[in-house]
Amino acid sequence: MKIDKGQISGMQFMFTVAFFLQSSALLTSFLTTVTLQDSWLAVVFGTVLCMPLIWVYRTLMVMFPGKNLVQILDEVYGTIAGKIIGILYAWFFFTLTALNLMDLGDFAKITVMAETPQVVLALMCVIVSAWAVRNGIRVVTRYGALFVAVEFCIVAASILLAFNQIDLQNFLPMFDQPVYKYVQSTHIIATMPFGEVVVFLMITPNLKLTRRDTTKYLFLGVFMGALTLLVVLMRDIAMLGNTLPLFTLPGLVTLRLVSLGEALSRMEILFAVALIMLLFFKVTFLYYVSVITLAQIMKIKAYKHLVLAAGALVIVYGLTLYPNPVVHAASAREIVPFAWTLFEILLPLLTFIIAKLRKLAAEAKEA
């Protein structure tokens, strides 16, 4: 059963993957408190180690063309087990949506709307996102290319304007942390955000791509997103040095250091606008995936009737997850990567192995 009949091109798919990863620039503080000036190495290690995982996602997409993740689970594990695992994934997607919605609210409150209650910010975001979700995947992903280009321009401009404050000595000493620190930070970046690319298995029916194009656009999108994260993190390390782990939003602090007279002071507003834009786009996409997953599990074709109810659930759920951003950051370092490993690595890998052993790919082609 195809829930949303909208189709997107390979380029739209690629830019959607890229902006999805770019929006995780806010999460660099999860790494910097662990591996300090070597945090950029964790991004490199995480990117390399996640390439086989991205290949597993790509292979599931081409093995089951026209089927989303919930349908794949039903076919691989059977109706009952597949439904149970599908419900777990629905919880996972709703949790991702709620967490990112709260991140967006916290960031907007800190930077531009200090007096606005967080619940109001969350409600405003969900109302606007709900319009896009009701109109389908084509509207949700329409401006991905524009947002990716804007983010690239802002990152490049921030480096050029702050070039005189960059100190390459801040990258030294290298490999000065205990080995387990590198393992921990690599695990964090592997699950947040690279492993979250698993959400794109829910839009496989909306893609009309050959096996070659699926590989090309997926990996190019991941590369663009990873490159942005790496450049942003290296910029922050080069400018902030040993003070980097003291800040929960190092990118914001970096741009506050840029001041080229009255006309070009307060450059952090660029960072705020770009990150709010990207986080909103990511929340909208996750919101869409959550609704589609719920509709697929409940076998409801008219998914639009679920949008507002799902949005209200996301707001209430998000407000109960963590009492403050400090607890959220601690959980992101110590708990969440292990919980997400089940949904992003173990279950997709197990699904791939079982599908290969049962030769379900051939059956999918014949169906």
# chains A, B, ... in the order shown; residues from 1 in each chain; ligands from 1
>>> closest_atom_pairs(of="range 169-277 of chain A", to="range 30-52 of chain A", cutoff="9 Å", atoms="only C-alpha atoms", output="JSON lines")
{"residue": "A:Asn170", "atom": "CA", "partner": "A:Gln37", "partner_atom": "CA", "distance": 6.9}
{"residue": "A:Phe171", "atom": "CA", "partner": "A:Gln37", "partner_atom": "CA", "distance": 5.5}
{"residue": "A:Leu172", "atom": "CA", "partner": "A:Gln37", "partner_atom": "CA", "distance": 7.2}
{"residue": "A:Pro173", "atom": "CA", "partner": "A:Gln37", "partner_atom": "CA", "distance": 8.0}
{"residue": "A:Met174", "atom": "CA", "partner": "A:Asp38", "partner_atom": "CA", "distance": 6.2}
{"residue": "A:Phe175", "atom": "CA", "partner": "A:Asp38", "partner_atom": "CA", "distance": 6.9}
{"residue": "A:Asp176", "atom": "CA", "partner": "A:Asp38", "partner_atom": "CA", "distance": 8.1}
{"residue": "A:Gln177", "atom": "CA", "partner": "A:Thr35", "partner_atom": "CA", "distance": 6.6}
{"residue": "A:Pro178", "atom": "CA", "partner": "A:Thr35", "partner_atom": "CA", "distance": 8.8}
{"residue": "A:Lys181", "atom": "CA", "partner": "A:Thr35", "partner_atom": "CA", "distance": 6.0}
{"residue": "A:Tyr182", "atom": "CA", "partner": "A:Ala42", "partner_atom": "CA", "distance": 6.4}
{"residue": "A:Val183", "atom": "CA", "partner": "A:Ala42", "partner_atom": "CA", "distance": 8.2}
{"residue": "A:Gln184", "atom": "CA", "partner": "A:Val34", "partner_atom": "CA", "distance": 7.7}
{"residue": "A:Ser185", "atom": "CA", "partner": "A:Leu31", "partner_atom": "CA", "distance": 5.6}
{"residue": "A:Thr186", "atom": "CA", "partner": "A:Ala42", "partner_atom": "CA", "distance": 4.8}
{"residue": "A:His187", "atom": "CA", "partner": "A:Gly46", "partner_atom": "CA", "distance": 7.1}
{"residue": "A:Ile188", "atom": "CA", "partner": "A:Leu31", "partner_atom": "CA", "distance": 7.3}
{"residue": "A:Ile189", "atom": "CA", "partner": "A:Gly46", "partner_atom": "CA", "distance": 5.8}
{"residue": "A:Ala190", "atom": "CA", "partner": "A:Gly46", "partner_atom": "CA", "distance": 5.1}
{"residue": "A:Thr191", "atom": "CA", "partner": "A:Gly46", "partner_atom": "CA", "distance": 8.9}
{"residue": "A:Phe194", "atom": "CA", "partner": "A:Cys50", "partner_atom": "CA", "distance": 6.9}
{"residue": "A:Gly195", "atom": "CA", "partner": "A:Cys50", "partner_atom": "CA", "distance": 7.6}
{"residue": "A:Phe219", "atom": "CA", "partner": "A:Met51", "partner_atom": "CA", "distance": 8.3}
{"residue": "A:Val222", "atom": "CA", "partner": "A:Thr47", "partner_atom": "CA", "distance": 8.7}
{"residue": "A:Phe223", "atom": "CA", "partner": "A:Thr47", "partner_atom": "CA", "distance": 8.3}
{"residue": "A:Ala226", "atom": "CA", "partner": "A:Thr47", "partner_atom": "CA", "distance": 6.8}
{"residue": "A:Leu229", "atom": "CA", "partner": "A:Val43", "partner_atom": "CA", "distance": 7.6}
{"residue": "A:Leu230", "atom": "CA", "partner": "A:Trp40", "partner_atom": "CA", "distance": 6.1}
{"residue": "A:Val231", "atom": "CA", "partner": "A:Trp40", "partner_atom": "CA", "distance": 8.5}
{"residue": "A:Leu233", "atom": "CA", "partner": "A:Trp40", "partner_atom": "CA", "distance": 6.1}
{"residue": "A:Met234", "atom": "CA", "partner": "A:Trp40", "partner_atom": "CA", "distance": 6.1}
{"residue": "A:Ile237", "atom": "CA", "partner": "A:Gln37", "partner_atom": "CA", "distance": 6.0}
{"residue": "A:Ala238", "atom": "CA", "partner": "A:Gln37", "partner_atom": "CA", "distance": 8.6}
{"residue": "A:Gly241", "atom": "CA", "partner": "A:Gln37", "partner_atom": "CA", "distance": 6.8}
{"residue": "A:Asn242", "atom": "CA", "partner": "A:Gln37", "partner_atom": "CA", "distance": 7.2}
{"residue": "A:Leu244", "atom": "CA", "partner": "A:Thr32", "partner_atom": "CA", "distance": 6.7}
{"residue": "A:Pro245", "atom": "CA", "partner": "A:Thr33", "partner_atom": "CA", "distance": 4.8}
{"residue": "A:Leu246", "atom": "CA", "partner": "A:Thr33", "partner_atom": "CA", "distance": 7.8}
{"residue": "A:Thr248", "atom": "CA", "partner": "A:Phe30", "partner_atom": "CA", "distance": 8.3}
>>> select_by_dssp(residues="range 130-164 of chain A", states="helix (DSSP H, G or I)", output="compact mmCIF listing (two decimals) with C-alpha atoms, in the first residue's frame")
# COMPACT_ATOMS: atom_id res chain seq x y z
CA ALA A 130 1.85 20.23 9.41
CA TRP A 131 0.95 22.16 6.25
CA ALA A 132 3.98 20.74 4.44
CA VAL A 133 3.38 17.20 5.74
CA ARG A 134 -0.25 17.25 4.60
CA ILE A 137 6.90 14.48 0.15
CA ARG A 138 7.28 16.87 -2.79
CA VAL A 139 6.48 19.90 -0.62
CA VAL A 140 8.52 18.60 2.33
CA GLY A 144 16.33 21.19 0.08
CA ALA A 145 18.75 22.40 -2.60
CA LEU A 146 18.26 26.05 -1.62
CA PHE A 147 18.83 25.38 2.07
CA VAL A 148 21.95 23.29 1.40
CA ALA A 149 23.38 26.10 -0.77
CA VAL A 150 22.59 28.72 1.89
CA GLU A 151 24.32 26.64 4.57
CA PHE A 152 27.43 26.21 2.39
CA CYS A 153 27.55 29.96 1.76
CA ILE A 154 27.18 30.86 5.43
CA VAL A 155 29.88 28.41 6.51
CA ALA A 156 32.25 29.69 3.80
CA ALA A 157 31.55 33.34 4.69
CA SER A 158 32.10 32.69 8.40
CA ILE A 159 35.52 31.16 7.71
CA LEU A 160 36.59 34.04 5.46
CA LEU A 161 35.42 36.72 7.90
CA PHE A 163 40.23 33.99 9.08
CA ASN A 164 42.40 36.38 11.12
>>> closest_residue(among="A:Leu21, A:Lys2, A:Ile300, A:Ile54", to="Pro348 in chain A", atoms="only C-alpha atoms")
A:Ile54
>>> closest_residue(among="A:Ala274, A:Met11, A:Leu313, A:Met61", to="Val291 in chain A", atoms="only C-alpha atoms")
A:Leu313
>>> residues_around(residues="Ala122 in chain A", least_positions_apart="3", cutoff="10 Å", atoms="only C-alpha atoms", output="list in words")
Ala98, Leu101, Met102, Asp103, Leu104, Gly105, Asp106, Ala108, Pro117, Gln118, Val119, Cys125, Val126, Ile127, Gly311, Ala312, Val314, Ile315, Val316, Gly318 and Leu319 of chain A
>>> write_last_selection(atoms="N, CA and C atoms", output="mmCIF file, in the first residue's frame")
data_model
loop_
_atom_site.group_PDB
_atom_site.id
_atom_site.type_symbol
_atom_site.label_atom_id
_atom_site.label_comp_id
_atom_site.auth_asym_id
_atom_site.auth_seq_id
_atom_site.Cartn_x
_atom_site.Cartn_y
_atom_site.Cartn_z
ATOM 1 N N ALA A 98 10.562 14.529 18.166
ATOM 2 C CA ALA A 98 10.386 15.289 19.408
ATOM 3 C C ALA A 98 11.695 15.894 19.886
ATOM 4 N N LEU A 101 12.633 18.751 17.633
ATOM 5 C CA LEU A 101 11.725 19.872 17.871
ATOM 6 C C LEU A 101 12.123 20.624 19.128
ATOM 7 N N MET A 102 12.500 19.903 20.176
ATOM 8 C CA MET A 102 12.949 20.552 21.405
ATOM 9 C C MET A 102 14.285 21.280 21.192
ATOM 10 N N ASP A 103 15.177 20.675 20.398
ATOM 11 C CA ASP A 103 16.438 21.356 20.060
ATOM 12 C C ASP A 103 16.161 22.681 19.355
ATOM 13 N N LEU A 104 15.221 22.644 18.421
ATOM 14 C CA LEU A 104 14.863 23.859 17.695
ATOM 15 C C LEU A 104 14.296 24.909 18.651
ATOM 16 N N GLY A 105 13.414 24.477 19.560
ATOM 17 C CA GLY A 105 12.840 25.413 20.516
ATOM 18 C C GLY A 105 13.884 25.999 21.455
ATOM 19 N N ASP A 106 14.783 25.138 21.968
ATOM 20 C CA ASP A 106 15.847 25.617 22.865
ATOM 21 C C ASP A 106 16.743 26.618 22.164
ATOM 22 N N ALA A 108 16.139 28.470 19.396
ATOM 23 C CA ALA A 108 15.441 29.718 19.068
ATOM 24 C C ALA A 108 15.250 30.578 20.314
ATOM 25 N N PRO A 117 7.820 31.320 25.494
ATOM 26 C CA PRO A 117 7.811 29.981 26.096
ATOM 27 C C PRO A 117 8.120 28.906 25.047
ATOM 28 N N GLN A 118 8.810 27.878 25.471
ATOM 29 C CA GLN A 118 9.219 26.829 24.537
ATOM 30 C C GLN A 118 8.022 26.143 23.891
ATOM 31 N N VAL A 119 6.948 25.961 24.648
ATOM 32 C CA VAL A 119 5.776 25.283 24.087
ATOM 33 C C VAL A 119 5.174 26.093 22.939
ATOM 34 N N CYS A 125 6.187 25.833 15.181
ATOM 35 C CA CYS A 125 6.909 24.986 14.233
ATOM 36 C C CYS A 125 6.013 23.868 13.709
ATOM 37 N N VAL A 126 5.271 23.216 14.597
ATOM 38 C CA VAL A 126 4.422 22.093 14.199
ATOM 39 C C VAL A 126 3.293 22.558 13.277
ATOM 40 N N ILE A 127 2.736 23.726 13.542
ATOM 41 C CA ILE A 127 1.655 24.227 12.695
ATOM 42 C C ILE A 127 2.135 24.432 11.262
ATOM 43 N N GLY A 311 1.160 15.696 15.439
ATOM 44 C CA GLY A 311 1.889 16.891 15.848
ATOM 45 C C GLY A 311 1.674 17.223 17.314
ATOM 46 N N ALA A 312 0.437 17.106 17.778
ATOM 47 C CA ALA A 312 0.155 17.350 19.193
ATOM 48 C C ALA A 312 0.881 16.343 20.077
ATOM 49 N N VAL A 314 3.685 14.804 19.363
ATOM 50 C CA VAL A 314 5.116 15.122 19.336
ATOM 51 C C VAL A 314 5.436 16.237 20.324
ATOM 52 N N ILE A 315 4.601 17.280 20.367
ATOM 53 C CA ILE A 315 4.843 18.402 21.285
ATOM 54 C C ILE A 315 4.800 17.933 22.735
ATOM 55 N N VAL A 316 3.734 17.217 23.098
ATOM 56 C CA VAL A 316 3.585 16.750 24.478
ATOM 57 C C VAL A 316 4.721 15.802 24.848
ATOM 58 N N GLY A 318 7.739 15.601 23.484
ATOM 59 C CA GLY A 318 9.012 16.309 23.550
ATOM 60 C C GLY A 318 9.197 17.075 24.845
ATOM 61 N N LEU A 319 8.137 17.663 25.348
ATOM 62 C CA LEU A 319 8.229 18.444 26.584
ATOM 63 C C LEU A 319 8.482 17.580 27.809
#
>>> residues_around(residues="Ala90 in chain A", least_positions_apart="4", cutoff="12 Å", atoms="only C-alpha atoms", output="JSON, numbers by chain")
{"A": [69, 70, 83, 84, 85, 86, 94, 95, 96, 97, 199, 202, 286, 287, 288, 289, 290, 291, 292, 293, 294, 295, 296, 297, 298, 310, 314, 343]}
>>> write_last_selection(atoms="N, CA and C atoms", output="PDB file, in the first residue's frame")
ATOM      1  N   LEU A  69      10.131   0.993   4.775  1.00  0.00           N
ATOM      2  CA  LEU A  69      10.741   0.183   5.813  1.00  0.00           C
ATOM      3  C   LEU A  69       9.725  -0.730   6.494  1.00  0.00           C
ATOM      4  N   VAL A  70       8.534  -0.226   6.791  1.00  0.00           N
ATOM      5  CA  VAL A  70       7.522  -1.042   7.469  1.00  0.00           C
ATOM      6  C   VAL A  70       7.122  -2.224   6.601  1.00  0.00           C
ATOM      7  N   LYS A  83       5.301  -6.414  12.413  1.00  0.00           N
ATOM      8  CA  LYS A  83       4.469  -5.348  12.974  1.00  0.00           C
ATOM      9  C   LYS A  83       5.049  -4.830  14.293  1.00  0.00           C
ATOM     10  N   ILE A  84       5.534  -5.758  15.121  1.00  0.00           N
ATOM     11  CA  ILE A  84       6.123  -5.345  16.402  1.00  0.00           C
ATOM     12  C   ILE A  84       7.346  -4.465  16.175  1.00  0.00           C
ATOM     13  N   ILE A  85       8.213  -4.900  15.262  1.00  0.00           N
ATOM     14  CA  ILE A  85       9.413  -4.109  14.964  1.00  0.00           C
ATOM     15  C   ILE A  85       9.021  -2.780  14.331  1.00  0.00           C
ATOM     16  N   GLY A  86       7.986  -2.793  13.492  1.00  0.00           N
ATOM     17  CA  GLY A  86       7.505  -1.554  12.882  1.00  0.00           C
ATOM     18  C   GLY A  86       7.014  -0.563  13.921  1.00  0.00           C
ATOM     19  N   PHE A  94       9.197   8.992  16.094  1.00  0.00           N
ATOM     20  CA  PHE A  94       8.523  10.020  16.885  1.00  0.00           C
ATOM     21  C   PHE A  94       9.483  10.634  17.902  1.00  0.00           C
ATOM     22  N   THR A  95      10.352   9.801  18.480  1.00  0.00           N
ATOM     23  CA  THR A  95      11.327  10.311  19.451  1.00  0.00           C
ATOM     24  C   THR A  95      12.324  11.242  18.780  1.00  0.00           C
ATOM     25  N   LEU A  96      12.812  10.863  17.596  1.00  0.00           N
ATOM     26  CA  LEU A  96      13.714  11.739  16.845  1.00  0.00           C
ATOM     27  C   LEU A  96      13.041  13.074  16.534  1.00  0.00           C
ATOM     28  N   THR A  97      11.788  13.018  16.119  1.00  0.00           N
ATOM     29  CA  THR A  97      11.050  14.252  15.811  1.00  0.00           C
ATOM     30  C   THR A  97      10.930  15.127  17.047  1.00  0.00           C
ATOM     31  N   VAL A 199      16.026   6.749   8.292  1.00  0.00           N
ATOM     32  CA  VAL A 199      14.672   7.273   8.076  1.00  0.00           C
ATOM     33  C   VAL A 199      14.327   7.344   6.595  1.00  0.00           C
ATOM     34  N   MET A 202      11.948   5.011   4.613  1.00  0.00           N
ATOM     35  CA  MET A 202      10.494   5.197   4.605  1.00  0.00           C
ATOM     36  C   MET A 202      10.009   5.926   3.355  1.00  0.00           C
ATOM     37  N   LEU A 286      11.213  14.606   9.532  1.00  0.00           N
ATOM     38  CA  LEU A 286      10.985  13.556  10.527  1.00  0.00           C
ATOM     39  C   LEU A 286       9.499  13.460  10.888  1.00  0.00           C
ATOM     40  N   TYR A 287       8.826  14.581  10.958  1.00  0.00           N
ATOM     41  CA  TYR A 287       7.387  14.633  11.217  1.00  0.00           C
ATOM     42  C   TYR A 287       6.650  13.862  10.122  1.00  0.00           C
ATOM     43  N   TYR A 288       7.029  14.128   8.873  1.00  0.00           N
ATOM     44  CA  TYR A 288       6.417  13.430   7.732  1.00  0.00           C
ATOM     45  C   TYR A 288       6.650  11.925   7.830  1.00  0.00           C
ATOM     46  N   VAL A 289       7.894  11.516   8.091  1.00  0.00           N
ATOM     47  CA  VAL A 289       8.229  10.095   8.200  1.00  0.00           C
ATOM     48  C   VAL A 289       7.442   9.438   9.331  1.00  0.00           C
ATOM     49  N   SER A 290       7.314  10.126  10.458  1.00  0.00           N
ATOM     50  CA  SER A 290       6.571   9.583  11.599  1.00  0.00           C
ATOM     51  C   SER A 290       5.113   9.337  11.243  1.00  0.00           C
ATOM     52  N   VAL A 291       4.502  10.308  10.558  1.00  0.00           N
ATOM     53  CA  VAL A 291       3.091  10.171  10.180  1.00  0.00           C
ATOM     54  C   VAL A 291       2.909   9.035   9.172  1.00  0.00           C
ATOM     55  N   ILE A 292       3.805   8.963   8.181  1.00  0.00           N
ATOM     56  CA  ILE A 292       3.718   7.909   7.172  1.00  0.00           C
ATOM     57  C   ILE A 292       3.893   6.531   7.825  1.00  0.00           C
ATOM     58  N   THR A 293       4.822   6.433   8.772  1.00  0.00           N
ATOM     59  CA  THR A 293       5.037   5.157   9.467  1.00  0.00           C
ATOM     60  C   THR A 293       3.795   4.736  10.232  1.00  0.00           C
ATOM     61  N   LEU A 294       3.210   5.679  10.950  1.00  0.00           N
ATOM     62  CA  LEU A 294       1.993   5.385  11.708  1.00  0.00           C
ATOM     63  C   LEU A 294       0.854   4.972  10.785  1.00  0.00           C
ATOM     64  N   ALA A 295       0.693   5.685   9.667  1.00  0.00           N
ATOM     65  CA  ALA A 295      -0.361   5.345   8.708  1.00  0.00           C
ATOM     66  C   ALA A 295      -0.125   3.968   8.093  1.00  0.00           C
ATOM     67  N   GLN A 296       1.136   3.629   7.815  1.00  0.00           N
ATOM     68  CA  GLN A 296       1.460   2.328   7.232  1.00  0.00           C
ATOM     69  C   GLN A 296       1.133   1.199   8.208  1.00  0.00           C
ATOM     70  N   ILE A 297       1.487   1.387   9.467  1.00  0.00           N
ATOM     71  CA  ILE A 297       1.211   0.364  10.477  1.00  0.00           C
ATOM     72  C   ILE A 297      -0.294   0.171  10.663  1.00  0.00           C
ATOM     73  N   MET A 298      -1.033   1.280  10.653  1.00  0.00           N
ATOM     74  CA  MET A 298      -2.482   1.223  10.846  1.00  0.00           C
ATOM     75  C   MET A 298      -3.239   0.959   9.546  1.00  0.00           C
ATOM     76  N   ALA A 310      -0.799  13.702  15.341  1.00  0.00           N
ATOM     77  CA  ALA A 310       0.602  13.307  15.525  1.00  0.00           C
ATOM     78  C   ALA A 310       1.442  14.496  15.971  1.00  0.00           C
ATOM     79  N   VAL A 314       3.685  14.804  19.363  1.00  0.00           N
ATOM     80  CA  VAL A 314       5.116  15.122  19.336  1.00  0.00           C
ATOM     81  C   VAL A 314       5.436  16.237  20.324  1.00  0.00           C
ATOM     82  N   PHE A 343      18.299   0.450  16.341  1.00  0.00           N
ATOM     83  CA  PHE A 343      17.462   0.816  15.204  1.00  0.00           C
ATOM     84  C   PHE A 343      18.273   1.174  13.964  1.00  0.00           C
TER      85      PHE A 343
END
>>> atom_distance(atom1="CA of Tyr143 in chain A", atom2="CA of Phe200 in chain A")
17.0 Å
